[in-house]
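Below is one structure; the comments refer to it alone.
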Amino acid sequence: MTNQINKTTTLFAVFIMVLLMIATRGHSNWVSAFVHLPDFTIPALFITGVYFRKFWVAFVIIFSAVVIDNYAIVHQGISANCITPLIA
């Protein structure tokens with residue numbers, strides 16, 4: 001039973017972290033119209049490493065960051081100067 005609770009809690013925390021990454025990534029989203037928040041990617045990776053220590057959680061966070069960056073570059077026209085050819 002505790003394993004299921006821990007899995008549910010982990011999934012909820014990952015979902016919240018991905019939502020915060022989406023909300024704080026870039027300057028052309030609905031949140032930045034009200035307040036500019038710093039990017040949440042590095043804190044999400046730190047929380048993942050310290051508290052969860054599971055490979056799949058880190059993979060989801062990193063994959064989400066790549067997808068968010070790709071969307072910003074391809075669809076929103078944000079400059080890709082800091083993206084390496086490995087990611088692009």
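By convention in this document, the chains of the structure tokens carry letters A, B, ... by their order, each chain's residues are numbered from 1, and ligands are numbered from 1 in the order they are shown.
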Excluding Lys54 of chain A and its own-chain neighbours fewer than 6 positions away, which residues fall within 12 Å of it when counting only C-alpha atoms? Please give them as number ranges by chain.
A: 7, 10-11, 14, 45, 47-48, 60-61
Keeping N, CA and C atoms for every residue in the selection just given, could you write it to a file as a PDB file, in the first residue's frame?
ATOM      1  N   LYS A   7       4.225   5.976  -5.212  1.00  0.00           N
ATOM      2  CA  LYS A   7       4.186   6.117  -6.658  1.00  0.00           C
ATOM      3  C   LYS A   7       3.217   7.229  -7.064  1.00  0.00           C
ATOM      4  N   THR A  10       4.801  10.545  -6.200  1.00  0.00           N
ATOM      5  CA  THR A  10       5.859  10.850  -7.150  1.00  0.00           C
ATOM      6  C   THR A  10       5.283  11.333  -8.468  1.00  0.00           C
ATOM      7  N   LEU A  11       4.258  10.653  -8.974  1.00  0.00           N
ATOM      8  CA  LEU A  11       3.629  11.077 -10.230  1.00  0.00           C
ATOM      9  C   LEU A  11       3.026  12.469 -10.103  1.00  0.00           C
ATOM     10  N   VAL A  14       5.921  15.020 -10.089  1.00  0.00           N
ATOM     11  CA  VAL A  14       6.482  15.176 -11.434  1.00  0.00           C
ATOM     12  C   VAL A  14       5.539  16.004 -12.293  1.00  0.00           C
ATOM     13  N   LEU A  45      15.354  19.664 -11.526  1.00  0.00           N
ATOM     14  CA  LEU A  45      16.400  18.636 -11.573  1.00  0.00           C
ATOM     15  C   LEU A  45      17.030  18.417 -10.201  1.00  0.00           C
ATOM     16  N   ILE A  47      15.525  18.916  -7.227  1.00  0.00           N
ATOM     17  CA  ILE A  47      14.536  18.197  -6.424  1.00  0.00           C
ATOM     18  C   ILE A  47      14.487  16.726  -6.822  1.00  0.00           C
ATOM     19  N   THR A  48      14.562  16.478  -8.133  1.00  0.00           N
ATOM     20  CA  THR A  48      14.566  15.103  -8.618  1.00  0.00           C
ATOM     21  C   THR A  48      15.750  14.318  -8.072  1.00  0.00           C
ATOM     22  N   VAL A  60      12.057  12.003 -17.321  1.00  0.00           N
ATOM     23  CA  VAL A  60      10.844  12.768 -17.651  1.00  0.00           C
ATOM     24  C   VAL A  60      11.118  14.270 -17.581  1.00  0.00           C
ATOM     25  N   ILE A  61      11.840  14.709 -16.565  1.00  0.00           N
ATOM     26  CA  ILE A  61      12.145  16.139 -16.425  1.00  0.00           C
ATOM     27  C   ILE A  61      13.032  16.614 -17.573  1.00  0.00           C
TER      28      ILE A  61
END
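If you measure from each of A:Ile22, A:Ile68, A:Met17, A:Val57 to Ala44 of chain A using only C-alpha atoms, the closest one turns out to be A:Met17.
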Interatomic distance, atom CA of Asp39 of chain A to atom CA of Ala23 of chain A (Å, one decimal)
8.6 Å
